[in-house]
>>> print(open('target37.txt').read())   # compact mmCIF, C-alpha atoms
# COMPACT_ATOMS: atom_id res chain seq x y z
CA MET Y 1034 0.00 0.00 0.00
CA THR Y 1035 1.64 3.20 -1.07
CA TYR Y 1036 -0.91 5.87 -0.28
CA LEU Y 1037 -0.85 7.50 3.09
CA VAL Y 1038 -3.88 7.76 5.30
CA ASP Y 1039 -4.31 11.01 7.07
CA ILE Y 1040 -5.08 9.75 10.52
CA GLU Y 1041 -5.73 13.29 11.67
CA ALA Y 1042 -8.81 13.34 9.50
CA PHE Y 1043 -10.32 11.07 12.13
CA HIS Y 1044 -11.20 12.57 15.45
CA GLY Y 1045 -9.77 9.72 17.43
CA PRO Y 1046 -9.84 5.93 17.34
CA LEU Y 1047 -13.59 5.69 17.87
CA ASP Y 1048 -14.17 7.89 14.86
CA LEU Y 1049 -11.97 5.68 12.72
CA LEU Y 1050 -13.70 2.53 13.96
CA LEU Y 1051 -17.10 4.00 13.27
CA PHE Y 1052 -15.97 4.93 9.79
CA LEU Y 1053 -14.74 1.38 9.13
CA ILE Y 1054 -17.98 -0.11 10.41
CA GLU Y 1055 -20.07 2.14 8.20
CA LYS Y 1056 -17.80 1.69 5.19
CA ASN Y 1057 -18.09 -2.08 5.43
CA GLU Y 1058 -21.78 -1.90 6.31
CA LEU Y 1059 -21.28 -3.88 9.48
CA ASN Y 1060 -23.81 -4.31 12.25
CA ILE Y 1061 -22.58 -2.31 15.20
CA TYR Y 1062 -24.16 -4.82 17.62
CA ASP Y 1063 -22.38 -7.74 16.00
CA ILE Y 1064 -18.97 -6.52 14.96
CA PRO Y 1065 -16.66 -9.15 13.47
CA ILE Y 1066 -13.73 -8.25 15.71
CA ALA Y 1067 -11.04 -10.12 13.78
CA PHE Y 1068 -12.04 -8.41 10.55
CA ILE Y 1069 -12.33 -4.94 12.02
CA THR Y 1070 -9.03 -5.31 13.88
CA ASP Y 1071 -7.24 -6.14 10.63
CA GLN Y 1072 -8.83 -3.19 8.89
CA TYR Y 1073 -7.97 -0.91 11.75
CA LEU Y 1074 -4.32 -2.02 11.82
CA GLN Y 1075 -4.05 -1.59 8.07
CA TYR Y 1076 -5.17 1.99 8.46
CA LEU Y 1077 -2.59 2.62 11.13
CA GLN Y 1078 0.16 1.08 9.03
CA ALA Y 1079 -0.82 3.24 6.10
CA THR Y 1080 -0.40 6.39 8.14
CA GLY Y 1081 3.18 6.88 7.19
CA GLU Y 1082 5.03 8.76 9.84
CA PHE Y 1083 4.28 7.88 13.39
CA ASP Y 1084 3.64 10.94 15.42
CA LEU Y 1085 3.43 9.53 18.91
CA GLU Y 1086 1.61 12.56 20.23
CA ASN Y 1087 -1.33 11.92 17.95
CA MET Y 1088 -0.93 8.20 17.54
CA GLY Y 1089 -0.95 7.22 21.18
CA GLU Y 1090 -4.70 6.98 21.45
CA PHE Y 1091 -4.94 5.03 18.20
CA LEU Y 1092 -2.39 2.55 19.48
CA VAL Y 1093 -4.19 2.07 22.77
CA MET Y 1094 -7.28 1.13 20.79
CA ALA Y 1095 -5.23 -1.24 18.62
CA THR Y 1096 -4.04 -3.04 21.74
CA TYR Y 1097 -7.57 -3.20 23.03
CA LEU Y 1098 -8.84 -4.69 19.77
CA LEU Y 1099 -6.08 -7.29 19.66
CA ASN Y 1100 -6.83 -8.25 23.21
CA LEU Y 1101 -10.53 -8.52 22.41
CA LYS Y 1102 -9.78 -10.63 19.38
CA SER Y 1103 -7.74 -13.12 21.39
CA ARG Y 1104 -10.37 -13.32 24.10
CA LEU Y 1105 -12.96 -14.19 21.49
CA LEU Y 1106 -10.74 -16.94 20.12
CA LEU Y 1107 -10.71 -18.73 23.46
CA PRO Y 1108 -13.34 -21.42 23.97
CA ARG Y 1109 -16.46 -19.64 25.17
CA THR Y 1110 -18.08 -22.14 27.53
CA GLU Y 1111 -16.41 -24.32 30.05
CA PRO Y 1112 -17.84 -27.82 30.42
CA ASN Y 1113 -18.66 -27.54 34.15
CA ARG Y 1114 -20.57 -24.32 33.85
CA SER Y 1115 -24.06 -24.40 35.30
CA GLU Y 1116 -27.08 -23.38 33.26
CA ASP Y 1117 -27.54 -20.08 35.09
CA GLU Y 1118 -24.22 -18.77 33.99
CA GLU Y 1119 -24.98 -19.57 30.40
CA GLU Y 1120 -25.82 -15.95 29.66
CA GLU Y 1121 -22.31 -14.77 29.42
CA ILE Y 1122 -21.59 -11.13 28.78
CA ASP Y 1123 -20.38 -10.55 25.27
CA PRO Y 1124 -16.81 -9.22 25.56
CA ARG Y 1125 -17.67 -6.81 22.75
CA GLU Y 1126 -20.36 -5.17 24.86
CA GLU Y 1127 -18.07 -2.47 26.23
CA LEU Y 1128 -16.81 -1.51 22.80
CA VAL Y 1129 -20.33 -1.39 21.37
CA GLN Y 1130 -21.40 0.88 24.19
CA LYS Y 1131 -18.45 3.18 23.58
CA LEU Y 1132 -19.13 3.35 19.88
CA LEU Y 1133 -22.82 4.07 20.40
CA ASP Y 1134 -22.02 6.79 22.91
CA TYR Y 1135 -19.52 8.35 20.59
CA LYS Y 1136 -21.90 8.15 17.63
CA ARG Y 1137 -24.64 9.83 19.63
CA PHE Y 1138 -22.52 12.88 20.39
CA LYS Y 1139 -21.08 13.01 16.91
CA GLU Y 1140 -24.63 13.29 15.62
CA ALA Y 1141 -25.54 15.81 18.30
CA GLY Y 1142 -22.57 17.89 17.14
CA GLU Y 1143 -23.80 17.75 13.56
CA HIS Y 1144 -27.22 18.81 14.77
CA LEU Y 1145 -25.69 21.85 16.48
CA GLN Y 1146 -23.92 22.82 13.29
CA GLN Y 1147 -27.15 22.60 11.32
CA ARG Y 1148 -28.89 24.77 13.89
CA GLU Y 1149 -26.14 27.31 13.72
CA GLN Y 1150 -26.49 27.51 9.94
CA GLY Y 1151 -30.27 27.80 10.18
CA LEU Y 1152 -30.88 24.48 8.41
CA ILE Y 1153 -33.13 23.52 11.30
CA GLU Y 1154 -35.99 25.77 12.40
CA ARG Y 1155 -34.65 27.91 15.19
CA ILE Y 1156 -35.06 31.21 16.94
CA TYR Y 1157 -32.55 34.02 16.74
CA TYR Y 1158 -31.47 36.33 19.52
CA ARG Y 1159 -30.89 39.97 18.84
CA GLU Y 1160 -27.36 40.55 17.63
CA VAL Y 1161 -26.31 42.82 20.41
CA SER Y 1162 -22.64 43.32 20.06
CA ASP Y 1163 -20.28 44.12 17.24
CA GLU Y 1164 -17.39 42.69 19.12
CA PRO Y 1165 -16.02 39.45 17.81
CA ASN Y 1166 -15.59 38.13 21.31
CA ARG Y 1167 -18.52 38.77 23.60
CA ARG Y 1168 -16.75 37.45 26.62
CA GLU Y 1169 -15.93 40.84 27.99
CA GLU Y 1170 -15.90 40.84 31.72
CA LEU Y 1171 -18.00 42.91 34.01
CA VAL Y 1172 -16.36 44.32 37.04
CA VAL Y 1173 -18.60 43.54 39.95
CA ASP Y 1174 -19.99 46.52 41.81
CA LEU Y 1175 -20.60 46.68 45.52
CA SER Y 1176 -24.35 46.01 45.30
CA ALA Y 1177 -23.75 42.73 43.49
CA LEU Y 1178 -21.28 41.69 46.16
CA ILE Y 1179 -23.70 42.59 48.92
CA ARG Y 1180 -26.46 40.65 47.19
CA ALA Y 1181 -24.23 37.60 47.01
CA TYR Y 1182 -23.23 38.05 50.66
CA ARG Y 1183 -26.88 38.17 51.71
CA THR Y 1184 -27.48 34.89 49.91
CA VAL Y 1185 -24.61 33.35 51.85
CA ILE Y 1186 -25.91 34.67 55.15
CA ARG Y 1187 -29.38 33.30 54.54
CA ARG Y 1188 -27.99 29.79 54.49
CA LEU Y 1189 -26.36 30.14 57.89
CA PRO Y 1190 -28.08 29.73 61.26
CA SER Y 1191 -29.40 33.11 62.38
CA PHE Y 1192 -28.01 32.90 65.93
CA GLU Y 1193 -25.10 31.20 67.52
CA PRO Y 1194 -25.71 28.93 70.51
CA GLU Y 1195 -24.89 30.89 73.62
CA GLU Y 1196 -22.79 28.23 75.30
CA ILE Y 1197 -20.21 28.66 72.60
CA ILE Y 1198 -18.17 31.61 73.69
CA PRO Y 1199 -16.39 32.95 70.67
CA GLU Y 1200 -12.70 32.21 70.92
CA GLY Y 1201 -11.85 35.82 70.40
CA ASP Y 1202 -13.10 37.76 67.41
CA VAL Y 1203 -12.58 36.33 63.98
CA ASN Y 1204 -9.69 38.25 62.61
CA VAL Y 1205 -10.14 39.99 59.27
CA GLN Y 1206 -6.42 39.92 58.59
CA ASP Y 1207 -6.43 36.13 59.08
CA LYS Y 1208 -9.32 35.85 56.69
CA MET Y 1209 -7.45 37.90 54.11
CA ASN Y 1210 -4.58 35.44 54.29
CA GLU Y 1211 -7.02 32.58 54.09
CA ILE Y 1212 -8.60 33.98 50.92
CA ILE Y 1213 -5.19 34.42 49.30
CA ASN Y 1214 -4.24 30.87 50.25
CA THR Y 1215 -7.49 29.48 48.92
CA LEU Y 1216 -6.96 31.34 45.66
CA HIS Y 1217 -3.45 29.96 45.36
CA LYS Y 1218 -4.76 26.46 45.87
CA ASN Y 1219 -7.33 27.00 43.12
CA LYS Y 1220 -4.93 28.31 40.50
CA GLY Y 1221 -5.75 31.90 41.42
CA LYS Y 1222 -9.46 31.63 40.73
CA ILE Y 1223 -12.59 30.81 42.71
CA THR Y 1224 -16.26 31.73 42.64
CA PHE Y 1225 -17.76 33.85 45.38
CA PHE Y 1226 -19.97 31.03 46.62
CA ASP Y 1227 -17.20 28.46 46.62
CA LEU Y 1228 -15.12 30.77 48.77
CA PHE Y 1229 -17.88 30.87 51.36
CA LYS Y 1230 -18.57 27.14 51.19
CA THR Y 1231 -16.56 26.30 54.29
CA VAL Y 1232 -18.03 29.11 56.35
CA SER Y 1233 -20.48 27.87 58.97
CA ARG Y 1234 -21.03 30.88 61.22
CA ARG Y 1235 -22.30 34.37 60.57
CA ARG Y 1236 -19.43 36.06 62.34
CA GLU Y 1237 -17.03 34.17 60.19
CA ALA Y 1238 -18.98 35.06 57.06
CA LEU Y 1239 -18.85 38.73 58.00
CA ALA Y 1240 -15.10 38.61 58.59
CA MET Y 1241 -14.61 36.80 55.29
CA PHE Y 1242 -16.71 39.37 53.47
CA LEU Y 1243 -14.85 42.32 55.02
CA ALA Y 1244 -11.55 40.63 54.18
CA LEU Y 1245 -12.67 40.19 50.59
CA LEU Y 1246 -13.70 43.85 50.30
CA GLU Y 1247 -10.34 44.89 51.67
CA LEU Y 1248 -8.49 42.68 49.20
CA ILE Y 1249 -10.50 44.17 46.34
CA ARG Y 1250 -9.74 47.67 47.60
CA LEU Y 1251 -6.06 46.83 47.77
CA GLN Y 1252 -6.32 45.44 44.24
CA LYS Y 1253 -4.99 42.08 45.29
CA VAL Y 1254 -8.16 40.38 44.17
CA ARG Y 1255 -10.59 41.35 41.49
CA ALA Y 1256 -14.23 40.35 41.17
CA TYR Y 1257 -15.97 40.01 37.83
CA GLN Y 1258 -18.97 38.40 36.17
CA ASN Y 1259 -19.19 36.93 32.70
CA THR Y 1260 -22.83 37.91 32.37
CA PRO Y 1261 -24.91 40.46 34.25
CA TRP Y 1262 -26.35 38.66 37.27
CA GLY Y 1263 -24.01 35.76 36.57
CA ASN Y 1264 -21.77 34.02 39.04
CA ILE Y 1265 -19.23 36.27 40.73
CA HIS Y 1266 -15.71 35.10 40.01
CA LEU Y 1267 -12.76 36.09 42.15
CA GLU Y 1268 -9.28 36.17 40.74
CA MET Y 1269 -5.79 37.19 41.82
CA TRP Y 1270 -4.62 40.35 40.16
CA MET Z 1483 -49.38 52.65 35.06
CA ARG Z 1484 -49.85 49.09 33.92
CA ASP Z 1485 -49.31 50.02 30.29
CA GLU Z 1486 -46.16 51.85 31.24
CA VAL Z 1487 -44.75 48.81 32.97
CA LYS Z 1488 -45.65 46.70 29.97
CA ALA Z 1489 -43.87 49.11 27.63
CA ALA Z 1490 -40.87 49.22 29.95
CA VAL Z 1491 -40.56 45.43 30.09
CA GLU Z 1492 -40.76 45.27 26.33
CA ALA Z 1493 -38.00 47.85 26.07
CA ILE Z 1494 -35.78 46.02 28.56
CA LEU Z 1495 -36.19 42.70 26.76
CA PHE Z 1496 -35.40 44.36 23.45
CA MET Z 1497 -32.35 46.13 24.80
CA ARG Z 1498 -30.86 43.09 26.47
CA GLY Z 1499 -31.60 40.60 23.71
CA GLU Z 1500 -31.08 37.70 26.10
CA ARG Z 1501 -32.94 36.04 28.94
CA VAL Z 1502 -33.73 38.49 31.73
CA GLY Z 1503 -34.69 36.95 35.08
CA THR Z 1504 -37.99 37.81 36.76
CA ASP Z 1505 -36.12 38.73 39.94
CA GLU Z 1506 -34.15 41.30 37.99
CA LEU Z 1507 -37.26 42.70 36.29
CA VAL Z 1508 -39.01 43.02 39.63
CA GLU Z 1509 -36.07 44.92 41.03
CA ILE Z 1510 -35.64 47.23 38.03
CA LEU Z 1511 -39.34 48.00 37.58
CA ASP Z 1512 -40.28 47.93 41.24
CA VAL Z 1513 -43.51 46.00 40.71
CA PRO Z 1514 -44.72 43.04 42.73
CA MET Z 1515 -44.01 39.62 41.23
CA PRO Z 1516 -47.68 38.61 40.66
CA GLU Z 1517 -48.33 41.81 38.77
CA LEU Z 1518 -45.25 41.33 36.62
CA ARG Z 1519 -46.37 37.81 35.75
CA ASP Z 1520 -49.82 39.14 34.80
CA ILE Z 1521 -48.39 41.80 32.59
CA MET Z 1522 -46.04 39.33 30.95
CA ARG Z 1523 -48.93 37.02 30.14
CA GLU Z 1524 -50.62 39.87 28.30
CA LEU Z 1525 -47.47 40.92 26.50
CA ILE Z 1526 -46.70 37.38 25.37
CA ALA Z 1527 -50.23 37.05 24.02
CA GLU Z 1528 -49.89 40.31 22.10
CA TYR Z 1529 -46.72 39.13 20.45
CA PHE Z 1530 -48.32 35.82 19.67
CA GLN Z 1531 -50.55 37.57 17.11
CA PRO Z 1532 -49.77 36.84 13.47
CA GLY Z 1533 -47.99 39.61 11.66
CA ARG Z 1534 -45.25 39.79 14.27
CA GLY Z 1535 -41.74 38.45 13.72
CA LEU Z 1536 -40.77 38.53 17.36
CA GLN Z 1537 -41.92 36.55 20.33
CA ILE Z 1538 -41.42 36.63 24.07
CA VAL Z 1539 -40.61 33.27 25.58
CA PRO Z 1540 -40.71 32.42 29.28
CA VAL Z 1541 -37.38 30.73 30.07
CA ASP Z 1542 -36.18 29.39 33.41
CA ASP Z 1543 -38.03 31.95 35.51
CA GLY Z 1544 -37.22 34.78 33.15
CA TYR Z 1545 -38.15 36.06 29.74
CA LEU Z 1546 -36.42 36.23 26.39
CA MET Z 1547 -37.33 38.32 23.38
CA CYS Z 1548 -36.30 36.57 20.18
CA THR Z 1549 -37.48 35.87 16.65
CA LYS Z 1550 -40.26 33.45 15.80
CA LYS Z 1551 -39.25 30.04 14.50
CA GLU Z 1552 -41.24 30.45 11.30
CA TYR Z 1553 -38.75 32.95 9.98
CA SER Z 1554 -35.59 30.95 10.50
CA ASP Z 1555 -35.00 30.51 6.74
CA ILE Z 1556 -34.97 34.22 6.10
CA LEU Z 1557 -33.02 35.01 9.23
CA ALA Z 1558 -30.32 32.49 8.36
CA ARG Z 1559 -29.69 34.70 5.34
CA ALA Z 1560 -29.82 37.89 7.39
CA ALA Z 1561 -27.59 36.68 10.23
CA ARG Z 1562 -24.04 37.91 10.41
CA PRO Z 1563 -21.65 35.28 9.18
CA ILE Z 1564 -19.72 33.41 11.84
CA ARG Z 1565 -16.07 34.30 11.68
CA ARG Z 1566 -14.51 31.00 12.50
CA ARG Z 1567 -16.48 27.79 12.31
CA LEU Z 1568 -15.91 25.23 15.00
CA SER Z 1569 -13.98 22.11 14.03
CA GLN Z 1570 -15.86 18.85 14.11
CA ALA Z 1571 -13.91 17.77 17.17
CA ALA Z 1572 -14.94 20.98 18.91
CA LEU Z 1573 -18.59 20.52 17.92
CA GLU Z 1574 -18.66 16.96 19.25
CA THR Z 1575 -17.09 18.03 22.51
CA LEU Z 1576 -19.47 20.97 22.81
CA ALA Z 1577 -22.46 18.69 22.22
CA LEU Z 1578 -21.15 16.30 24.84
CA ILE Z 1579 -20.78 19.10 27.37
CA ALA Z 1580 -24.23 20.47 26.52
CA TYR Z 1581 -25.94 17.15 27.18
CA ARG Z 1582 -23.87 15.86 30.08
CA GLN Z 1583 -23.04 19.03 32.00
CA PRO Z 1584 -21.61 19.57 34.49
CA ILE Z 1585 -18.83 17.31 33.26
CA THR Z 1586 -15.07 17.02 33.83
CA ARG Z 1587 -12.37 16.87 31.22
CA ALA Z 1588 -11.58 13.23 32.11
CA GLU Z 1589 -15.22 12.24 31.65
CA ILE Z 1590 -15.26 13.89 28.23
CA GLU Z 1591 -12.05 12.15 27.23
CA LYS Z 1592 -13.44 8.81 28.30
CA ILE Z 1593 -16.37 9.14 25.91
CA ARG Z 1594 -14.50 10.76 23.04
CA GLY Z 1595 -11.47 8.50 23.34
CA VAL Z 1596 -9.04 11.37 22.77
CA LYS Z 1597 -7.39 14.19 24.69
CA VAL Z 1598 -9.48 17.34 24.65
CA ASP Z 1599 -7.27 20.01 26.29
CA ARG Z 1600 -6.94 22.11 23.18
CA VAL Z 1601 -10.58 21.82 22.24
CA ILE Z 1602 -11.68 22.81 25.75
CA ASN Z 1603 -9.45 25.87 25.68
CA ASN Z 1604 -10.85 26.86 22.32
CA LEU Z 1605 -14.44 26.54 23.57
CA LEU Z 1606 -13.58 28.51 26.73
CA GLU Z 1607 -11.98 31.23 24.64
CA ARG Z 1608 -15.08 31.56 22.50
CA GLY Z 1609 -17.21 31.80 25.61
CA LEU Z 1610 -19.32 28.78 24.65
CA ILE Z 1611 -18.44 26.88 27.81
CA GLU Z 1612 -17.29 27.93 31.26
CA GLU Z 1613 -16.05 26.45 34.48
CA VAL Z 1614 -19.05 25.85 36.68
CA GLY Z 1615 -17.41 24.33 39.73
CA VAL Z 1616 -15.27 21.42 40.83
CA LYS Z 1617 -16.23 17.80 41.22
CA ASP Z 1618 -16.10 16.46 44.74
CA THR Z 1619 -13.68 13.64 43.94
CA VAL Z 1620 -9.96 13.06 44.16
CA GLY Z 1621 -8.05 15.98 42.68
CA LYS Z 1622 -11.15 18.21 42.57
CA PRO Z 1623 -11.34 18.28 38.78
CA ILE Z 1624 -13.00 21.29 37.13
CA LEU Z 1625 -16.55 20.89 35.92
CA TYR Z 1626 -17.59 22.49 32.64
CA GLY Z 1627 -20.97 23.68 31.43
CA THR Z 1628 -22.36 25.68 28.52
CA THR Z 1629 -22.95 29.45 28.63
CA ALA Z 1630 -25.66 31.87 27.53
CA GLU Z 1631 -23.53 32.52 24.45
CA PHE Z 1632 -23.92 28.85 23.56
CA LEU Z 1633 -27.72 29.21 23.64
CA ARG Z 1634 -27.53 32.35 21.54
CA LEU Z 1635 -25.29 30.84 18.85
CA TYR Z 1636 -27.45 27.78 18.39
CA GLY Z 1637 -30.81 29.51 18.76
CA LEU Z 1638 -31.89 27.72 21.92
CA THR Z 1639 -34.05 29.46 24.50
CA SER Z 1640 -32.74 27.04 27.14
CA LEU Z 1641 -31.02 23.67 27.36
CA LYS Z 1642 -34.45 22.07 27.36
CA ASP Z 1643 -34.66 22.95 23.67
CA LEU Z 1644 -31.93 20.44 22.83
CA PRO Z 1645 -33.47 17.44 21.09
CA PRO Z 1646 -33.25 14.14 22.95
CA LEU Z 1647 -30.19 12.10 22.08
CA GLU Z 1648 -30.55 9.26 19.60
CA GLU Z 1649 -31.03 5.94 21.29
>>> encode(input="target37.txt", output="structure tokens")
Amino acid sequence: MTYLVDIEAFHGPLDLLLFLIEKNELNIYDIPIAFITDQYLQYLQATGEFDLENMGEFLVMATYLLNLKSRLLLPRTEPNRSEDEEEEIDPREELVQKLLDYKRFKEAGEHLQQREQGLIERIYYREVSDEPNRREELVVDLSALIRAYRTVIRRLPSFEPEEIIPEGDVNVQDKMNEIINTLHKNKGKITFFDLFKTVSRRREALAMFLALLELIRLQKVRAYQNTPWGNIHLEMW
Amino acid sequence: MRDEVKAAVEAILFMRGERVGTDELVEILDVPMPELRDIMRELIAEYFQPGRGLQIVPVDDGYLMCTKKEYSDILARAARPIRRRLSQAALETLALIAYRQPITRAEIEKIRGVKVDRVINNLLERGLIEEVGVKDTVGKPILYGTTAEFLRLYGLTSLKDLPPLEE
């Protein structure tokens, strides 16, 4: 075989397998594994240069197919097997499931493309912006922060049991450090609500909120939304 | 008074051109929720009349002003062309995220059988998907979901508009 197959034309091993199944008009629920494995390997061999970066996934599938093929060659039923166990799981089941799953989303992707092009009846939104990238960020104003804070507070118990004497006031400076540490742990980004997830008391929530405001004022942290009324994201400057 | 509120809501929905939540409308217009809902019912009915190209659709406790489906042929011709089409790999990944969200990168890769780092970054950059949280498992992997921009691009009022997946 002299021609080269452009393996990159296939979006992964499942795509190539699906193509081979359709090309040979095979029944996806009853794939002749030996046949398809040979076909698959021929395609890989015809690829010319091996680019490991892109080929790795194709090779993993090749190994899987070869393994499957050998399992199918082994005698299927052992003589001592009782009747109940007769209904053995087809070793191809997993592969079939994977292929069906993949096919489903491949088709869903095609459907999206048709919608986008207006080939399927659809609604249109008003074209609001001239900008090529509408992902401009909105700097969060104080009222949005307060609204989010109120939401947090509502989830917390409204009073603290009296027997618990606060072990000194919650320190805002400590909370500032805590926020910075949390941000570091989360690659410099966290949502407002995730930040408050660990908070269980109102006093603590207040200290956390004040600490956050201070950090924003000091321009150590910035708060933004991707959409008006969207989630508030916090990020290190 | 009532007519003024109705006109104002219409103007807001036109201006925003995306879903506006009822909570936001109540706050902006300073009307009680039941009254807003009443007014919206009337407004929706008015737009429902033939001879109108627009409609107002209730979506996830909010409202969206958009075009009627009947005119999608014509509008496809009127729409601004998309600058860069998504690759097929990107489309498949986007569809997967749309149907299975919130979903982690590893879960996507398991179904697609390939690495998706580059595709995910591309979709993030275009604002079609976003990080929506982290999964509560080992390593706290990031969860992805689709955005309002996704709905806009594909003419969906909400995710419920996506057709059921093929069996």
>>> residues_near_point(input="target37.txt", point="(-19.3, 8.1, 25.8)", cutoff="10 Å", atoms="all atoms listed in the file", output="PyMOL selection string")
(chain Y and resi 1130-1138) or (chain Z and resi 1578+1582+1589-1595)
>>> atom_distance(input="target37.txt", atom1="CA of Leu1189 (chain Y)", atom2="CA of Phe1225 (chain Y)")
15.6 Å
>>> closest_residue(input="target37.txt", among="Y:His1044, Y:Arg1250, Y:Arg1235, Y:Arg1104", to="Arg1183 (chain Y)", atoms="all atoms listed in the file")
Y:Arg1235
>>> residues_around(input="target37.txt", residues="Asp1599 (chain Z)", least_positions_apart="5", cutoff="12 Å", atoms="only C-alpha atoms", output="list of chain:residue names")
Z:Ala1571, Z:Ala1572, Z:Thr1575, Z:Thr1586, Z:Arg1587, Z:Ala1588, Z:Ile1590, Z:Glu1591, Z:Asn1604, Z:Leu1605, Z:Leu1606
>>> interface_residues(input="target37.txt", of="chain Y", to="chain Z", cutoff="9 Å", atoms="only C-alpha atoms", output="ChimeraX atom specification")
/Y:1044-1048,1090-1091,1094,1131-1161,1165-1168,1223-1224,1227,1259-1260,1262,1264
>>> atom_distance(input="target37.txt", atom1="CA of Asn1060 (chain Y)", atom2="CA of Thr1080 (chain Y)")
26.1 Å
>>> atom_distance(input="target37.txt", atom1="CA of Tyr1182 (chain Y)", atom2="CA of Phe1242 (chain Y)")
7.2 Å
>>> residues_around(input="target37.txt", residues="Ala1181 (chain Y)", least_positions_apart="2", cutoff="12 Å", atoms="all atoms listed in the file", output="number ranges by chain")
Y: 1173-1179, 1183-1188, 1224-1229, 1238, 1242, 1256, 1262-1266
>>> residues_around(input="target37.txt", residues="Gly1221 (chain Y)", least_positions_apart="4", cutoff="6 Å", atoms="all atoms listed in the file", output="PyMOL selection string")
chain Y and resi 1216-1217+1268-1269
>>> write_last_selection(input="target37.txt", atoms="C-alpha atoms", output="JSON list (two decimals), keeping the file's coordinate frame")
[["chain", "number", "residue", "atom", "x", "y", "z"],
["Y", 1216, "LEU", "CA", -6.96, 31.34, 45.66],
["Y", 1217, "HIS", "CA", -3.45, 29.96, 45.36],
["Y", 1268, "GLU", "CA", -9.28, 36.17, 40.74],
["Y", 1269, "MET", "CA", -5.79, 37.19, 41.82]]
>>> closest_residue(input="target37.txt", among="Z:Ile1611, Z:Val1539, Z:Ala1560, Z:Leu1525", to="Gln1583 (chain Z)", atoms="only C-alpha atoms")
Z:Ile1611
>>> residues_around(input="target37.txt", residues="region 1513-1522 of chain Z", least_positions_apart="6", cutoff="12 Å", atoms="only C-alpha atoms", output="NGL selection string")
:Z and (1483-1492 or 1495 or 1503-1507 or 1528-1529 or 1537-1540 or 1543-1547)
>>> closest_residue(input="target37.txt", among="Y:Leu1059, Y:Lys1220, Y:Thr1231, Y:Ile1213", to="Ile1249 (chain Y)", atoms="all atoms listed in the file")
Y:Ile1213
>>> closest_residue(input="target37.txt", among="Z:Asp1618, Z:Asp1512, Z:Asp1542, Z:Glu1524", to="Ser1640 (chain Z)", atoms="all atoms listed in the file")
Z:Asp1542
>>> build_atoms(input="target37.txt", residues="region 1591-1600 of chain Z", atoms="N, CA, C and O atoms", output="PDB file, in the coordinates of the input")
ATOM      1  N   GLU Z1591     -13.067  12.929  27.941  1.00  0.00           N
ATOM      2  CA  GLU Z1591     -12.050  12.150  27.230  1.00  0.00           C
ATOM      3  C   GLU Z1591     -12.408  10.675  27.200  1.00  0.00           C
ATOM      4  O   GLU Z1591     -12.118   9.973  26.232  1.00  0.00           O
ATOM      5  N   LYS Z1592     -13.062  10.218  28.251  1.00  0.00           N
ATOM      6  CA  LYS Z1592     -13.440   8.810  28.300  1.00  0.00           C
ATOM      7  C   LYS Z1592     -14.441   8.501  27.168  1.00  0.00           C
ATOM      8  O   LYS Z1592     -14.354   7.462  26.517  1.00  0.00           O
ATOM      9  N   ILE Z1593     -15.375   9.388  26.949  1.00  0.00           N
ATOM     10  CA  ILE Z1593     -16.370   9.140  25.910  1.00  0.00           C
ATOM     11  C   ILE Z1593     -15.810   9.391  24.513  1.00  0.00           C
ATOM     12  O   ILE Z1593     -16.062   8.637  23.587  1.00  0.00           O
ATOM     13  N   ARG Z1594     -14.994  10.439  24.377  1.00  0.00           N
ATOM     14  CA  ARG Z1594     -14.500  10.760  23.040  1.00  0.00           C
ATOM     15  C   ARG Z1594     -13.278   9.922  22.654  1.00  0.00           C
ATOM     16  O   ARG Z1594     -12.941   9.837  21.485  1.00  0.00           O
ATOM     17  N   GLY Z1595     -12.614   9.348  23.642  1.00  0.00           N
ATOM     18  CA  GLY Z1595     -11.470   8.500  23.340  1.00  0.00           C
ATOM     19  C   GLY Z1595     -10.225   9.258  22.914  1.00  0.00           C
ATOM     20  O   GLY Z1595      -9.291   8.670  22.397  1.00  0.00           O
ATOM     21  N   VAL Z1596     -10.225  10.561  23.082  1.00  0.00           N
ATOM     22  CA  VAL Z1596      -9.040  11.370  22.770  1.00  0.00           C
ATOM     23  C   VAL Z1596      -8.869  12.474  23.799  1.00  0.00           C
ATOM     24  O   VAL Z1596      -9.786  12.810  24.529  1.00  0.00           O
ATOM     25  N   LYS Z1597      -7.665  13.040  23.819  1.00  0.00           N
ATOM     26  CA  LYS Z1597      -7.390  14.190  24.690  1.00  0.00           C
ATOM     27  C   LYS Z1597      -8.183  15.400  24.181  1.00  0.00           C
ATOM     28  O   LYS Z1597      -8.335  15.577  22.977  1.00  0.00           O
ATOM     29  N   VAL Z1598      -8.674  16.209  25.097  1.00  0.00           N
ATOM     30  CA  VAL Z1598      -9.480  17.340  24.650  1.00  0.00           C
ATOM     31  C   VAL Z1598      -8.988  18.688  25.182  1.00  0.00           C
ATOM     32  O   VAL Z1598      -9.708  19.678  25.089  1.00  0.00           O
ATOM     33  N   ASP Z1599      -7.770  18.745  25.705  1.00  0.00           N
ATOM     34  CA  ASP Z1599      -7.270  20.010  26.290  1.00  0.00           C
ATOM     35  C   ASP Z1599      -7.420  21.191  25.342  1.00  0.00           C
ATOM     36  O   ASP Z1599      -7.945  22.228  25.698  1.00  0.00           O
ATOM     37  N   ARG Z1600      -6.943  20.992  24.133  1.00  0.00           N
ATOM     38  CA  ARG Z1600      -6.940  22.110  23.180  1.00  0.00           C
ATOM     39  C   ARG Z1600      -8.356  22.539  22.821  1.00  0.00           C
ATOM     40  O   ARG Z1600      -8.654  23.721  22.736  1.00  0.00           O
TER      41      ARG Z1600
END
